>>> print(open('protein14.cif').read())   # mmCIF, C-alpha atoms
data_run
loop_
_atom_site.label_atom_id
_atom_site.label_comp_id
_atom_site.auth_asym_id
_atom_site.auth_seq_id
_atom_site.Cartn_x
_atom_site.Cartn_y
_atom_site.Cartn_z
CA MET A 25 4.38 0.55 -5.82
CA ASN A 26 4.15 1.94 -2.27
CA SER A 27 2.38 0.80 0.91
CA ASP A 28 -0.86 2.66 0.14
CA GLN A 29 -0.98 1.23 -3.40
CA LEU A 30 -0.32 -2.25 -2.01
CA ARG A 31 -3.17 -1.84 0.48
CA ARG A 32 -5.57 -0.82 -2.29
CA LEU A 33 -4.47 -3.78 -4.39
CA PHE A 34 -4.85 -6.11 -1.40
CA ALA A 35 -8.36 -4.78 -0.79
CA ARG A 36 -9.28 -5.58 -4.39
CA ALA A 37 -7.79 -9.05 -4.11
CA LEU A 38 -9.71 -9.80 -0.93
CA SER A 39 -12.94 -8.34 -2.25
CA ALA A 40 -12.76 -10.09 -5.61
CA SER A 41 -11.56 -13.47 -4.39
CA LEU A 42 -13.21 -13.72 -1.00
CA ALA A 43 -16.18 -11.33 -1.14
CA SER A 44 -15.01 -9.67 2.07
CA PRO A 45 -14.15 -5.98 2.63
CA LEU A 46 -10.82 -5.02 4.17
CA LEU A 47 -12.14 -3.79 7.51
CA LEU A 48 -11.21 -4.41 11.12
CA THR A 49 -13.66 -6.75 12.81
CA GLY A 50 -15.07 -5.52 16.11
CA CYS A 51 -16.20 -7.45 19.14
CA GLY A 52 -19.82 -6.52 19.65
CA SER A 53 -19.70 -3.09 21.28
CA GLY A 54 -19.18 -1.19 18.04
CA GLY A 55 -16.58 1.04 19.69
CA VAL A 56 -16.47 4.83 19.66
CA SER A 57 -18.86 6.77 17.41
CA LEU A 58 -16.66 8.27 14.69
CA GLU A 59 -19.05 11.00 13.53
CA GLY A 60 -17.18 14.27 13.05
CA PHE A 61 -13.72 12.69 13.33
CA SER A 62 -10.95 13.06 10.76
CA PRO A 63 -7.87 10.89 10.17
CA PRO A 64 -4.42 12.09 11.26
CA THR A 65 -2.21 13.86 8.76
CA CYS A 66 0.59 11.43 7.97
CA ASP A 67 3.79 11.42 5.92
CA GLU A 68 4.71 8.00 4.51
CA GLY A 69 2.70 6.20 7.17
CA ARG A 70 4.03 8.24 10.09
CA LEU A 71 2.31 10.97 12.12
CA SER A 72 3.19 14.20 10.32
CA LEU A 73 4.90 17.12 12.03
CA ARG A 74 3.24 19.52 9.60
CA GLY A 75 0.38 21.46 11.15
CA LEU A 76 2.03 22.13 14.52
CA SER A 77 1.76 25.70 15.83
CA PRO A 78 4.28 26.15 18.67
CA ALA A 79 4.68 29.61 20.19
CA ALA A 80 8.21 29.88 18.77
CA ALA A 81 7.95 28.39 15.29
CA PRO A 82 11.12 26.49 14.30
CA ASP A 83 12.74 26.37 10.87
CA PHE A 84 12.94 22.60 11.10
CA ILE A 85 11.52 19.86 13.28
CA GLU A 86 12.40 16.17 13.21
CA MET A 87 11.25 13.18 15.23
CA ARG A 88 13.96 10.63 15.97
CA LEU A 89 13.74 7.07 17.23
CA ILE A 90 16.28 5.70 19.71
CA THR A 91 16.59 1.91 19.50
CA ASP A 92 18.82 -0.50 21.36
CA LEU A 93 19.08 -3.63 19.23
CA TYR A 94 21.33 -6.30 20.78
CA GLY A 95 22.87 -3.64 23.03
CA SER A 96 23.87 -1.29 20.20
CA ALA A 97 22.06 2.05 20.34
CA GLN A 98 20.82 3.51 17.06
CA GLN A 99 19.42 6.99 16.33
CA GLN A 100 17.05 7.04 13.37
CA PRO A 101 15.15 9.98 11.85
CA VAL A 102 11.47 9.09 11.54
CA VAL A 103 9.67 12.10 10.07
CA SER A 104 10.48 15.79 9.62
CA ALA A 105 9.12 19.12 8.40
CA GLY A 106 10.79 22.34 7.31
CA THR A 107 14.35 23.14 6.22
CA PRO A 108 17.27 22.51 8.60
CA CYS A 109 19.05 25.69 9.76
CA GLU A 110 17.14 27.78 7.21
CA SER A 111 17.51 31.07 9.12
CA ALA A 112 20.88 30.31 10.74
CA GLN A 113 23.62 32.95 10.55
CA GLN A 114 26.18 30.13 10.60
CA PRO A 115 24.45 27.32 8.67
CA VAL A 116 27.52 25.05 8.44
CA ALA A 117 27.97 25.01 12.21
CA CYS A 118 24.21 24.66 12.73
CA ASN A 119 23.97 21.65 10.42
CA ALA A 120 27.02 20.04 12.01
CA GLU A 121 25.46 20.39 15.45
CA LEU A 122 22.18 18.98 14.16
CA GLU A 123 23.97 16.00 12.61
CA SER A 124 25.94 15.20 15.78
CA LEU A 125 23.05 15.68 18.21
CA SER A 126 21.89 12.50 19.95
CA SER A 127 20.00 11.52 23.07
CA GLU A 128 19.69 8.53 25.38
CA GLU A 129 16.33 9.73 26.72
CA GLY A 130 12.95 10.34 25.14
CA PHE A 131 9.20 10.13 25.43
CA ARG A 132 7.06 7.09 24.60
CA SER A 133 9.85 4.94 26.04
CA ARG A 134 9.47 1.18 26.46
CA CYS A 135 11.62 -1.90 26.93
CA ASP A 136 10.44 -5.37 25.90
CA LEU A 137 12.40 -7.19 23.20
CA ASP A 138 14.43 -4.05 22.71
CA CYS A 139 14.38 -0.58 24.26
CA GLN A 140 13.19 2.42 22.31
CA ALA A 141 12.04 6.00 22.75
CA TYR A 142 11.37 9.06 20.63
CA TYR A 143 12.47 12.67 20.84
CA LEU A 144 12.15 15.86 18.80
CA VAL A 145 14.97 17.94 17.35
CA THR A 146 14.39 21.54 16.23
CA THR A 147 16.43 24.30 14.65
CA ARG A 148 15.55 27.99 14.94
CA GLY A 149 18.12 30.46 13.78
CA ASP A 150 21.46 29.08 15.00
CA ALA A 151 19.87 27.24 17.92
CA VAL A 152 19.65 23.44 17.78
CA GLU A 153 17.58 21.85 20.53
CA ALA A 154 16.46 18.37 21.59
CA HIS A 155 13.11 17.85 23.33
CA THR A 156 13.55 14.56 25.16
CA SER A 157 10.62 14.26 27.59
CA GLN A 158 6.87 14.74 27.66
CA GLU A 159 7.40 17.85 29.77
CA ALA A 160 9.82 19.25 27.20
CA LEU A 161 7.37 18.41 24.42
CA ARG A 162 4.57 20.28 26.20
CA ALA A 163 6.84 23.28 26.77
CA PHE A 164 7.78 23.33 23.08
CA LEU A 165 4.19 23.07 21.83
CA GLY A 166 2.67 25.51 24.31
CA ASP A 167 -1.14 25.56 24.24
CA ILE A 168 -2.59 22.61 22.33
CA ASP A 169 -4.61 24.44 19.68
CA ALA A 170 -4.14 22.29 16.55
CA PRO A 171 -5.29 18.73 15.78
CA GLN A 172 -1.75 17.51 15.00
CA GLU A 173 -0.57 18.79 18.39
CA ALA A 174 -3.29 16.80 20.15
CA LEU A 175 -2.32 13.71 18.17
CA LEU A 176 1.36 14.20 18.99
CA GLN A 177 0.56 14.42 22.72
CA VAL A 178 -1.42 11.18 22.50
CA PHE A 179 1.44 9.50 20.63
CA ALA A 180 3.91 10.68 23.28
CA GLU A 181 1.70 9.12 25.97
CA GLY A 182 2.20 5.70 24.39
CA TYR A 183 -0.98 5.29 22.34
CA SER A 184 -0.95 3.99 18.76
CA LEU A 185 -2.48 5.99 15.91
CA SER A 186 -3.38 4.48 12.55
CA CYS A 187 -3.04 6.65 9.46
CA THR A 188 -5.57 4.58 7.48
CA ALA A 189 -8.19 3.07 9.83
CA LEU A 190 -10.43 5.71 11.45
CA GLU A 191 -11.43 3.40 14.31
CA ARG A 192 -7.74 3.21 15.28
CA GLY A 193 -6.66 6.80 14.62
CA ALA A 194 -8.86 9.93 14.46
CA VAL A 195 -9.17 13.45 15.86
CA LYS A 196 -11.96 16.00 16.38
CA ALA A 197 -11.86 19.58 17.68
CA ASN A 198 -14.39 20.55 20.37
CA ALA A 199 -16.04 23.93 20.96
CA ASP A 200 -14.49 24.24 24.44
CA GLY A 201 -10.93 24.18 23.06
CA THR A 202 -10.27 20.51 23.81
CA PHE A 203 -9.71 17.76 21.27
CA ASN A 204 -11.03 14.21 21.17
CA VAL A 205 -8.66 11.59 19.82
CA VAL A 206 -9.38 7.94 18.98
CA ALA A 207 -6.33 5.73 19.50
CA THR A 208 -5.43 2.20 20.54
CA LYS A 209 -3.14 0.33 22.86
CA GLY A 210 -2.13 -3.30 22.83
CA PHE A 211 -0.76 -5.93 20.51
CA ALA A 212 -2.67 -9.17 20.96
CA CYS A 213 -0.53 -12.19 20.26
CA GLY A 214 -1.43 -14.73 22.92
CA GLU A 215 -4.34 -15.55 25.17
CA GLY A 216 -5.39 -12.73 27.49
CA SER A 217 -4.04 -9.95 25.27
CA ASN A 218 -6.27 -7.32 23.68
CA LEU A 219 -6.32 -4.49 21.17
CA THR A 220 -8.17 -1.72 23.03
CA GLN A 221 -9.68 1.38 21.46
CA TYR A 222 -9.65 4.58 23.53
CA LEU A 223 -11.59 7.81 23.25
CA LEU A 224 -9.26 10.44 24.71
CA GLU A 225 -9.66 14.10 25.59
CA VAL A 226 -6.65 16.38 25.16
CA THR A 227 -6.84 19.67 27.05
CA PRO A 228 -5.22 22.95 25.94
CA SER A 229 -2.54 22.40 28.60
CA GLY A 230 -1.64 19.02 27.07
CA GLU A 231 -3.24 16.70 29.60
CA VAL A 232 -4.64 13.45 28.16
CA HIS A 233 -7.74 11.93 29.80
CA VAL A 234 -9.48 8.63 28.98
CA ARG A 235 -13.21 9.09 28.32
CA GLU A 236 -14.12 5.65 26.88
CA SER A 237 -12.45 2.35 26.11
CA HIS A 238 -13.57 -0.63 24.03
CA ILE A 239 -11.89 -3.94 23.24
CA LEU A 240 -11.67 -4.22 19.47
CA GLU A 241 -10.05 -7.66 19.35
CA ARG A 242 -9.11 -10.36 21.86
CA GLY A 243 -6.21 -12.77 21.98
CA THR A 244 -4.27 -14.06 19.02
CA LYS A 245 -2.95 -17.18 17.36
CA GLY A 246 -1.05 -16.38 14.21
CA CYS A 247 1.99 -14.72 12.67
CA ALA A 248 3.09 -13.98 9.13
CA VAL A 249 6.01 -15.60 7.38
CA GLY A 250 8.81 -13.19 6.52
CA ARG A 251 11.80 -13.03 4.20
CA ARG A 252 14.06 -16.12 4.14
CA PRO A 253 17.82 -15.47 4.12
CA ALA A 254 20.32 -17.05 1.77
CA GLY A 255 22.29 -19.64 3.72
CA LEU A 256 19.40 -20.85 5.90
CA ARG A 257 20.56 -24.25 7.18
CA SER A 258 17.65 -25.25 9.47
CA ASP A 259 14.11 -26.20 8.42
CA GLY A 260 12.18 -25.35 11.60
CA SER A 261 10.34 -28.67 11.83
CA VAL A 262 9.53 -29.92 15.34
CA ALA A 263 7.89 -33.00 16.82
CA CYS A 264 4.55 -31.94 18.31
CA ALA A 265 1.12 -33.59 18.30
CA ASP A 266 -0.65 -30.21 18.24
CA GLU A 267 -0.83 -28.88 14.67
CA LEU A 268 -1.07 -25.30 15.92
CA GLY A 269 2.12 -25.86 17.92
CA GLN A 270 3.88 -27.16 14.82
CA HIS A 271 2.63 -24.21 12.77
CA PHE A 272 3.70 -21.54 15.26
CA ALA A 273 7.09 -23.20 15.77
CA LEU A 274 7.73 -23.12 12.03
CA ILE A 275 6.60 -19.51 11.73
CA ALA A 276 8.75 -18.44 14.72
CA HIS A 277 11.73 -20.15 13.08
CA LEU A 278 11.15 -18.32 9.79
CA GLU A 279 10.61 -14.99 11.54
CA GLU A 280 13.93 -15.43 13.37
CA ALA A 281 15.62 -16.19 10.07
CA SER A 282 14.09 -12.99 8.67
CA ILE A 283 16.00 -10.94 11.27
CA THR A 284 19.27 -12.10 9.73
CA ALA A 285 17.87 -11.55 6.24
CA PHE A 286 17.05 -7.90 6.90
CA LEU A 287 20.27 -7.14 8.80
CA ARG A 288 22.30 -8.66 5.97
CA LEU A 289 20.19 -6.71 3.47
CA ARG A 290 20.89 -3.48 5.36
CA ASP A 291 24.65 -4.12 5.11
CA GLU A 292 24.46 -5.00 1.41
CA LEU A 293 22.41 -1.91 0.63
CA ALA A 294 25.09 0.19 2.31
CA LEU A 295 27.83 -1.62 0.39
CA HIS A 296 26.16 -0.93 -2.95
CA GLY A 297 25.46 2.73 -2.20
CA ALA A 298 21.72 2.67 -1.53
CA ALA A 299 20.07 5.67 0.08
CA VAL A 300 20.15 5.87 3.86
CA GLU A 301 16.34 5.68 3.87
CA LEU A 302 16.44 2.19 2.33
CA GLN A 303 19.08 1.08 4.82
CA GLN A 304 17.02 2.39 7.75
CA ALA A 305 13.88 0.69 6.44
CA ALA A 306 15.75 -2.63 6.36
CA LEU A 307 16.87 -2.12 9.97
CA ARG A 308 13.34 -1.24 11.05
CA SER A 309 12.11 -4.41 9.34
CA ALA A 310 14.64 -6.44 11.33
CA LEU A 311 13.21 -4.92 14.52
CA ASP A 312 9.71 -5.91 13.41
CA GLU A 313 10.87 -9.49 12.90
CA VAL A 314 12.40 -9.59 16.40
CA ALA A 315 8.93 -8.89 17.80
CA HIS A 316 7.26 -11.39 15.47
CA THR A 317 9.75 -14.09 16.50
CA GLU A 318 9.00 -13.58 20.18
CA VAL A 319 5.22 -13.62 19.92
CA CYS A 320 5.15 -16.64 17.60
CA GLY A 321 7.57 -18.47 19.87
CA ARG A 322 5.28 -17.87 22.84
CA LEU A 323 2.33 -19.22 20.88
CA ALA A 324 4.28 -22.32 19.87
CA ARG A 325 5.23 -23.04 23.48
CA ARG A 326 1.62 -22.61 24.63
CA HIS A 327 0.69 -25.35 22.17
CA GLY A 328 3.45 -27.65 23.37
CA ALA A 329 6.15 -26.93 20.80
CA THR A 330 9.59 -25.37 21.20
CA PRO A 331 10.76 -23.57 18.05
CA GLU A 332 14.05 -24.61 16.51
CA ARG A 333 16.66 -21.87 16.46
CA ALA A 334 17.31 -20.55 12.97
CA VAL A 335 20.77 -21.49 11.70
CA VAL A 336 22.05 -19.19 8.97
CA ALA A 337 25.49 -19.73 7.46
CA PRO A 338 27.72 -16.65 7.31
CA LEU A 339 28.11 -15.47 3.73
CA PRO A 340 30.24 -12.77 2.14
CA PRO A 341 28.45 -9.70 0.75
CA ARG A 342 26.79 -10.47 -2.57
CA PRO A 343 27.06 -8.66 -5.90
CA LEU A 344 24.18 -6.33 -6.72
CA LEU A 345 22.65 -8.81 -9.17
CA GLU A 346 22.42 -11.52 -6.50
CA VAL A 347 20.86 -9.05 -4.07
CA ALA A 348 18.31 -8.06 -6.72
CA LEU A 349 17.50 -11.68 -7.61
CA ASP A 350 16.98 -12.62 -3.96
CA ASN A 351 14.86 -9.52 -3.37
CA ALA A 352 12.68 -10.30 -6.41
CA VAL A 353 11.87 -13.78 -5.13
CA GLU A 354 11.79 -13.35 -1.35
CA GLY A 355 10.54 -9.76 -1.25
CA CYS A 356 8.55 -8.80 -4.34
CA VAL A 357 6.82 -12.20 -4.57
CA ARG A 358 6.83 -14.12 -1.29
CA GLU A 359 6.78 -11.18 1.11
CA THR A 360 4.15 -9.32 -0.92
CA TYR A 361 1.91 -12.39 -0.91
CA GLY A 362 2.64 -12.89 2.80
CA ALA A 363 1.39 -9.36 3.51
CA LEU A 364 -1.84 -10.05 1.60
CA LEU A 365 -2.18 -13.33 3.51
CA ALA A 366 -1.84 -11.47 6.82
CA HIS A 367 -4.65 -9.10 5.81
CA HIS A 368 -6.78 -12.16 4.97
CA GLN A 369 -6.09 -13.63 8.41
CA ALA A 370 -7.01 -10.32 10.04
CA LEU A 371 -10.44 -10.70 8.44
CA HIS A 372 -11.18 -14.40 8.46
CA ALA A 373 -9.51 -16.13 11.39
CA GLU A 374 -12.02 -18.11 13.46
CA ASP A 375 -10.44 -16.90 16.69
CA ASP A 376 -10.74 -13.23 17.63
CA GLY A 377 -7.10 -13.17 18.72
CA VAL A 378 -5.74 -14.30 15.39
CA ARG A 379 -7.61 -11.51 13.64
CA GLU A 380 -6.28 -8.89 16.04
CA ALA A 381 -2.68 -10.03 15.81
CA MET A 382 -2.76 -9.98 12.05
CA VAL A 383 -4.02 -6.37 11.98
CA ARG A 384 -0.67 -5.31 13.44
CA ILE A 385 1.47 -7.84 11.60
CA ALA A 386 -0.23 -7.14 8.27
CA GLU A 387 0.82 -3.50 8.57
CA ASP A 388 4.42 -4.53 9.29
CA GLU A 389 4.50 -6.98 6.39
CA THR A 390 2.96 -4.44 4.01
CA ARG A 391 5.82 -2.05 4.83
CA HIS A 392 8.29 -4.88 4.23
CA ALA A 393 6.72 -5.54 0.83
CA ASP A 394 6.89 -1.81 0.07
CA LEU A 395 10.61 -1.92 0.89
CA SER A 396 11.09 -4.87 -1.47
CA TRP A 397 9.58 -2.95 -4.38
CA ALA A 398 11.61 0.16 -3.53
CA ILE A 399 14.79 -1.95 -3.61
CA ASP A 400 13.65 -3.47 -6.91
CA ARG A 401 13.29 -0.01 -8.46
CA TRP A 402 16.63 1.13 -7.05
CA ALA A 403 18.48 -1.95 -8.32
CA ALA A 404 16.84 -1.79 -11.77
CA GLU A 405 18.37 1.65 -12.31
CA ARG A 406 21.84 0.19 -11.77
CA LEU A 407 21.63 -3.13 -13.61
CA PRO A 408 22.28 -3.57 -17.35
CA PRO A 409 19.33 -4.77 -19.52
CA ALA A 410 20.35 -8.45 -19.51
CA GLU A 411 20.52 -8.53 -15.71
CA ARG A 412 17.19 -6.71 -15.39
CA GLU A 413 15.66 -9.42 -17.58
CA ALA A 414 17.20 -12.09 -15.33
CA VAL A 415 15.54 -10.48 -12.32
CA ARG A 416 12.18 -10.37 -14.13
CA ALA A 417 12.47 -14.04 -15.10
CA ALA A 418 13.35 -15.04 -11.52
CA ARG A 419 10.28 -13.19 -10.27
CA GLN A 420 8.03 -15.02 -12.72
CA ARG A 421 9.48 -18.40 -11.73
CA ALA A 422 8.81 -17.52 -8.10
CA VAL A 423 5.19 -16.67 -8.95
CA GLU A 424 4.67 -20.07 -10.59
CA ALA A 425 6.26 -21.84 -7.62
CA LEU A 426 4.04 -19.88 -5.24
CA ARG A 427 0.91 -20.73 -7.25
CA ALA A 428 1.72 -24.45 -6.97
CA GLU A 429 2.48 -24.09 -3.26
CA VAL A 430 -0.81 -22.40 -2.32
CA ALA A 431 -2.84 -24.85 -4.45
CA ALA A 432 -1.75 -27.81 -2.31
CA PRO A 433 -4.48 -29.28 -0.04
CA THR A 434 -4.27 -28.19 3.62
CA ASP A 435 -6.13 -29.33 6.73
CA ALA A 436 -9.46 -27.43 6.80
CA ALA A 437 -9.53 -27.09 10.60
CA LEU A 438 -6.08 -25.50 10.61
CA LEU A 439 -7.11 -23.09 7.85
CA LYS A 440 -10.14 -21.97 9.88
CA ALA A 441 -8.19 -21.56 13.10
CA LEU A 442 -5.51 -19.45 11.43
CA GLY A 443 -7.76 -17.59 8.99
CA LEU A 444 -5.88 -18.88 5.95
CA PRO A 445 -7.68 -19.06 2.58
CA GLU A 446 -8.88 -22.28 0.99
CA PRO A 447 -6.57 -23.37 -1.86
CA GLU A 448 -8.98 -22.12 -4.54
CA ALA A 449 -9.15 -18.68 -2.94
CA ALA A 450 -5.38 -18.59 -2.44
CA VAL A 451 -4.80 -19.34 -6.12
CA ALA A 452 -7.25 -16.57 -7.04
CA MET A 453 -5.29 -14.15 -4.84
CA VAL A 454 -2.01 -15.14 -6.50
CA ASP A 455 -3.56 -14.77 -9.95
CA LEU A 456 -4.82 -11.26 -9.21
CA LEU A 457 -1.40 -10.18 -7.93
CA SER A 458 0.15 -11.76 -11.00
CA ARG A 459 -2.08 -9.75 -13.35
CA GLU A 460 -1.96 -6.46 -11.48
CA LEU A 461 1.54 -6.41 -10.02
CA TRP A 462 3.99 -9.16 -10.93
CA ASN A 463 3.43 -8.91 -14.69
#
>>> encode(input="protein14.cif", output="C-alpha cells")
Amino acid sequence: MNSDQLRRLFARALSASLASPLLLTGCGSGGVSLEGFSPPTCDEGRLSLRGLSPAAAPDFIEMRLITDLYGSAQQQPVVSAGTPCESAQQPVACNAELESLSSEEGFRSRCDLDCQAYYLVTTRGDAVEAHTSQEALRAFLGDIDAPQEALLQVFAEGYSLSCTALERGAVKANADGTFNVVATKGFACGEGSNLTQYLLEVTPSGEVHVRESHILERGTKGCAVGRRPAGLRSDGSVACADELGQHFALIAHLEEASITAFLRLRDELALHGAAVELQQAALRSALDEVAHTEVCGRLARRHGATPERAVVAPLPPRPLLEVALDNAVEGCVRETYGALLAHHQALHAEDDGVREAMVRIAEDETRHADLSWAIDRWAAERLPPAEREAVRAARQRAVEALRAEVAAPTDAALLKALGLPEPEAAVAMVDLLSRELWN
C-alpha cells in the first residue's frame, strides 16, 4: 500500500460514503484554464529529475534538502536520476566525494519554524559538483527546452507543484519556445491566509513571469491528528468557552506529541536496521508535525485557548515487536483514518479556510500513513509467525476501538465548522477501510 493507492482508496471511501468526489474546491473564479496542460513527471511524489536536457549531460543528478531542525543541520537526498560516478575513471574516489559533499546554501530557501533549502549534486566523469543557487541551476540547465526544466525553475523560485492535482501542478509547451506552468503558493491555516494559483511563463533563459493569479482557497480552521507516542503523560485538555478553541488546543497538543513519536521512531528504525529511506521518511514526518503544531496552536490562541505542552516520558528503545505493535495501531489504523478524515475536511468544511488547510495537511498525513504501511511490511519480514499474528490482532482491536470512537455523537455545529463527517458517515468510512485495507 503506497500513497497513490491510499489516495485511490480514500476517493472510493469518500465517494461511496459521502457522495462527494475528491476534488479541490475553488472560490468562484474557476482559476486557470487547464486545456492542453499535462501533470509533472514525478518519482514517489517528488518532482522527477528525469527528462532534463542540460548542455553537459551528467551521469547522475540528485536533489538534496538541507534542514535545520532544533539547530542541527541535516542533509537529505530527495530524488535522483542516473548512476553515480558511472563514467568515472576513479569511481571509488568519485563516490567518496559524492558521499561527503554537503552545502549550507541552496535555492528555494526559507526560514519559518525551521530553515531549509535545496541544491543539486551531479557527477560527470570524475567531477562531482554542487549547484547551490538559482544562478548555478540556470547555468547547469542552459536553455530551458524541456517541460521538466521549466518545472524545476518554478520549484526553485519557491512555488509548489502538485503531482496529482492538475489545478495545482501542470505544464504546457508554447510555440514560441516558452513554457506555461500552473503552480501554487501559500498554506492557509489562519484568517487572512490563502492558497493562490499562479499561471507562470518560463522563458528559454530561465526567467519566471507571473501571467495570472487566482485564490483557490481562503483562510483555515483545522488540523489533522497525528501519531501518539508511547509515554504521553498529558491529555491536552484546556479550559475555554469556545469549542473551536478547545478543539484546536487539543489538536496542537497531539501534533506536538507526534513530533516526539516520529523522532523516536526514526531512532528505533535505525536501531533495528531499517533502510535509510524509512529513517528519512520518519524525520520528514517529524518536520511536518512541527509545522502542524505551530498552525494549530495559532488557531487555538485566536479562539481564546492556549494549548498545553505535550509531556512525553523518556523511554528506552523498544524491541522490534513493540515498535510493530505501536505502528499497527497508531500508524496503520489511526493515522490512515486521520489522513482520510483530512481529505474529508478538505472537501466538506463549512469555512473556505478549513478546506484549504486540509488540502496541504491531507497530503502530509497520507505520506505518514504510507510510511506506516511501509514499516509494517518491513517489520513483518523480520518477525516470526506468532508475533506477526499478534500485530494483526492488535490492528483489528484498534479498528474496533476506532469504530466505537467515531460512532459517538458530536456537536453538529462543530462538525460543520471543521468539515468532520456525521457519525453514520464516519462509521461507513471505517467499514470501507476495514474491508479494503485492514482485513
>>> atom_distance(input="protein14.cif", atom1="atom CA of Ala81 of chain A", atom2="atom CA of Ala160 of chain A")
15.1 Å
>>> atom_distance(input="protein14.cif", atom1="atom CA of Ala170 of chain A", atom2="atom CA of Pro64 of chain A")
11.5 Å
>>> closest_residue(input="protein14.cif", among="A:Ala404, A:Ala449, A:Val56, A:Leu176", to="Ser237 of chain A", atoms="only C-alpha atoms")
A:Val56
>>> resolve_selection(input="protein14.cif", expression="the PyMOL selection byres ((chain A and resi 362) around 10)", output="number ranges by chain")
A: 248-251, 355, 357-361, 363-368, 386, 389-390, 392-393
>>> closest_residue(input="protein14.cif", among="A:Ala120, A:Val195, A:Leu311, A:Leu76", to="Glu173 of chain A", atoms="only C-alpha atoms")
A:Leu76
>>> atom_distance(input="protein14.cif", atom1="atom CA of Asp435 of chain A", atom2="atom CA of His271 of chain A")
11.8 Å
>>> resolve_selection(input="protein14.cif", expression="the PyMOL selection byres ((chain A and resi 308) around 10)", output="ChimeraX atom specification")
/A:91,100,286-287,290,302-307,309-314,388,391-392
